[in-house]
Amino acid sequence: MLEGEDLKERVIEYAEQTMDDIVDAYVNPELPPEEWNLEQLVDKSKEFVYLLADLEASQIADLAMPEMKMFLREQVRIAYDQKEAEVNQLEPTLMRQAERFFILQQIDMLWREHLQQMDALRESVGLRGYGQQDPLIEYKSEGYEVFLDMMTAIRRNVVYSLFQFQPQRQPTEESQDVIEAEFTETD
């Protein structure tokens with residue numbers, strides 16, 4: 001990421017995994033399909049990817065869980081291509097810059113939070129020795145869970161940030177001079 005590689009496929013993987021997570025959260029394969037909470041699934045998908053505004057629960061109601069994941073992955077790819085075209089109208093390489101910026105921003109912010117959580121965990125795990133638990137095993141186990149949570153948060157935050165990203169064209173000096181000239185002529 002620091003070397004400036006093309007991160008589009010990585011971001012699309014993040015988006016697809018986020019859609020899979022949403023399906024996993026709202027669809028319990030052990031329950032009959034009538035009890036799946038598809039409305040909330042669709043709402044959560046739209047929350048992350050506003051370009052899925054046309055998505056309806058009826059579109060996925062007849063799908064099994066794997067097909068539902070594939071459908072949403074397809075939809076998020078289409079939405080990402082649409083977002084990329086929209087952003088690149090302002091500047092051709094802007095989406096690649098935004099991908100890199102949001103990934104590095106989230107890694108930086110969430111890594112610092114992770115280190116603070118690990119410090120707090122180290123302090124709290126020491127007390128578990130009194131409860132006949134091996135503090136080292138507890139620290140490793142819980143530390144790994146905290147790390148996985150951080151990685152998931154990075155992925156989800158990047159997806160959310162990129163889809164919410166709304167670049168605005170800045171007025172150039174020439175257009176600013178024209179605006180100022182028009183304004184002074186009417187005075």
# chains A, B, ... in the order shown; residues from 1 in each chain; ligands from 1
$ residues_around --residues "range 56-60 of chain A" --least-positions-apart "6" --cutoff "12 Å" --atoms "only C-alpha atoms" --output "list in words"
Val23, Val27, Pro33, Glu34, Trp36, Asn37, Leu38, Glu39, Gln40, Leu41, Val42, Asp43, Lys44, Ser45, Lys46, Pro66, Glu67, Met68, Lys69, Met70, Phe71, Leu72 and Gln75 of chain A
$ write_last_selection --atoms "N, CA and C atoms" --output "JSON list (two decimals), in the first residue's frame"
[["chain", "number", "residue", "atom", "x", "y", "z"],
["A", 23, "VAL", "N", -24.57, -10.56, 5.10],
["A", 23, "VAL", "CA", -25.43, -11.74, 4.91],
["A", 23, "VAL", "C", -25.31, -12.67, 6.11],
["A", 27, "VAL", "N", -28.73, -13.53, 8.07],
["A", 27, "VAL", "CA", -29.30, -14.77, 7.55],
["A", 27, "VAL", "C", -28.74, -15.95, 8.34],
["A", 33, "PRO", "N", -36.16, -19.87, 5.51],
["A", 33, "PRO", "CA", -36.02, -18.57, 4.82],
["A", 33, "PRO", "C", -37.07, -17.52, 5.20],
["A", 34, "GLU", "N", -38.25, -17.95, 5.62],
["A", 34, "GLU", "CA", -39.29, -16.99, 6.00],
["A", 34, "GLU", "C", -38.87, -16.18, 7.24],
["A", 36, "TRP", "N", -35.70, -15.19, 7.89],
["A", 36, "TRP", "CA", -34.52, -14.38, 7.63],
["A", 36, "TRP", "C", -34.93, -12.91, 7.61],
["A", 37, "ASN", "N", -34.08, -12.07, 8.13],
["A", 37, "ASN", "CA", -34.37, -10.64, 8.21],
["A", 37, "ASN", "C", -33.80, -9.92, 6.98],
["A", 38, "LEU", "N", -34.45, -10.11, 5.86],
["A", 38, "LEU", "CA", -33.93, -9.58, 4.60],
["A", 38, "LEU", "C", -34.05, -8.06, 4.49],
["A", 39, "GLU", "N", -35.08, -7.51, 5.11],
["A", 39, "GLU", "CA", -35.24, -6.04, 5.06],
["A", 39, "GLU", "C", -34.05, -5.36, 5.75],
["A", 40, "GLN", "N", -33.66, -5.87, 6.91],
["A", 40, "GLN", "CA", -32.52, -5.28, 7.61],
["A", 40, "GLN", "C", -31.22, -5.55, 6.86],
["A", 41, "LEU", "N", -31.12, -6.71, 6.23],
["A", 41, "LEU", "CA", -29.95, -7.02, 5.42],
["A", 41, "LEU", "C", -29.81, -6.00, 4.30],
["A", 42, "VAL", "N", -30.90, -5.72, 3.61],
["A", 42, "VAL", "CA", -30.88, -4.75, 2.51],
["A", 42, "VAL", "C", -30.57, -3.35, 3.05],
["A", 43, "ASP", "N", -31.18, -2.98, 4.17],
["A", 43, "ASP", "CA", -30.91, -1.66, 4.76],
["A", 43, "ASP", "C", -29.44, -1.50, 5.14],
["A", 44, "LYS", "N", -28.85, -2.54, 5.73],
["A", 44, "LYS", "CA", -27.44, -2.48, 6.13],
["A", 44, "LYS", "C", -26.55, -2.41, 4.89],
["A", 45, "SER", "N", -26.90, -3.13, 3.84],
["A", 45, "SER", "CA", -26.13, -3.07, 2.59],
["A", 45, "SER", "C", -26.16, -1.66, 2.01],
["A", 46, "LYS", "N", -27.34, -1.04, 2.04],
["A", 46, "LYS", "CA", -27.48, 0.32, 1.52],
["A", 46, "LYS", "C", -26.72, 1.32, 2.40],
["A", 66, "PRO", "N", -25.65, -18.94, -0.29],
["A", 66, "PRO", "CA", -24.50, -18.74, -1.20],
["A", 66, "PRO", "C", -24.86, -17.89, -2.42],
["A", 67, "GLU", "N", -26.05, -18.09, -2.98],
["A", 67, "GLU", "CA", -26.47, -17.29, -4.13],
["A", 67, "GLU", "C", -26.69, -15.84, -3.73],
["A", 68, "MET", "N", -27.19, -15.65, -2.52],
["A", 68, "MET", "CA", -27.41, -14.29, -2.00],
["A", 68, "MET", "C", -26.07, -13.56, -1.90],
["A", 69, "LYS", "N", -25.06, -14.25, -1.39],
["A", 69, "LYS", "CA", -23.73, -13.65, -1.28],
["A", 69, "LYS", "C", -23.19, -13.31, -2.67],
["A", 70, "MET", "N", -23.33, -14.22, -3.60],
["A", 70, "MET", "CA", -22.84, -13.97, -4.97],
["A", 70, "MET", "C", -23.58, -12.78, -5.60],
["A", 71, "PHE", "N", -24.89, -12.70, -5.40],
["A", 71, "PHE", "CA", -25.68, -11.60, -5.95],
["A", 71, "PHE", "C", -25.20, -10.27, -5.38],
["A", 72, "LEU", "N", -25.01, -10.21, -4.06],
["A", 72, "LEU", "CA", -24.58, -8.96, -3.44],
["A", 72, "LEU", "C", -23.14, -8.61, -3.83],
["A", 75, "GLN", "N", -23.46, -7.05, -7.16],
["A", 75, "GLN", "CA", -24.03, -5.71, -7.04],
["A", 75, "GLN", "C", -23.00, -4.71, -6.53]]
$ residues_around --residues "Phe147 in chain A" --least-positions-apart "5" --cutoff "9 Å" --atoms "only C-alpha atoms" --output "PyMOL selection string"
chain A and resi 114+142+152
$ residues_around --residues "Tyr14 in chain A" --least-positions-apart "4" --cutoff "9 Å" --atoms "only C-alpha atoms" --output "list in words"
Glu9, Arg10, Thr18, Met19, Thr152, Arg155, Arg156, Val158 and Val159 of chain A
$ closest_residue --among "A:Leu51, A:Met151, A:Leu121, A:Ala64" --to "Lys83 in chain A" --atoms "only C-alpha atoms"
A:Leu51
$ residues_around --residues "Tyr144 in chain A" --least-positions-apart "5" --cutoff "12 Å" --atoms "only C-alpha atoms" --output "short mmCIF file (atom, residue, chain, number, x, y, z; two decimals) with C-alpha atoms, in the first residue's frame"
data_model
loop_
_atom_site.label_atom_id
_atom_site.label_comp_id
_atom_site.auth_asym_id
_atom_site.auth_seq_id
_atom_site.Cartn_x
_atom_site.Cartn_y
_atom_site.Cartn_z
CA HIS A 114 -5.38 -1.52 18.66
CA GLN A 117 -6.46 -2.00 23.53
CA MET A 118 -3.50 -4.37 23.75
CA LEU A 121 -5.60 -6.18 27.77
CA ILE A 137 -2.64 -18.01 26.87
CA GLU A 138 -5.44 -15.56 27.70
CA TYR A 139 -3.39 -12.64 26.34
CA ASP A 149 -11.67 -7.08 15.05
CA MET A 150 -9.24 -4.35 13.98
CA MET A 151 -8.76 -5.93 10.54
#
$ residues_around --residues "Ile154 in chain A" --least-positions-apart "5" --cutoff "12 Å" --atoms "only C-alpha atoms" --output "list of chain:residue names"
A:Val11, A:Tyr14, A:Ala15, A:Gln17, A:Thr18, A:Phe102, A:Ile103, A:Leu104, A:Gln105, A:Gln106, A:Ile107, A:Asp108, A:Met109, A:Leu110, A:Trp111, A:Glu113, A:His114, A:Phe147, A:Leu148, A:Asp149, A:Val159, A:Tyr160, A:Ser161
$ residues_around --residues "Gln82 in chain A" --least-positions-apart "5" --cutoff "12 Å" --atoms "only C-alpha atoms" --output "MDAnalysis selection string"
chainID A and resid 49:52 75:77 87:89 95 163
$ atom_distance --atom1 "CA of Phe101 in chain A" --atom2 "CA of Lys8 in chain A"
12.3 Å
$ atom_distance --atom1 "CA of Asn157 in chain A" --atom2 "CA of Val125 in chain A"
28.9 Å
$ atom_distance --atom1 "CA of Arg112 in chain A" --atom2 "CA of Glu99 in chain A"
20.2 Å
$ select_by_dssp --residues "chain A" --states "helix (DSSP H, G or I)" --output "PyMOL selection string"
chain A and resi 8-26+33-35+38-48+50-52+57-60+65-88+94-131+135-164+173-185
$ closest_residue --among "A:Arg122, A:Ala85, A:Leu162, A:Gln168" --to "Phe48 in chain A" --atoms "only C-alpha atoms"
A:Leu162
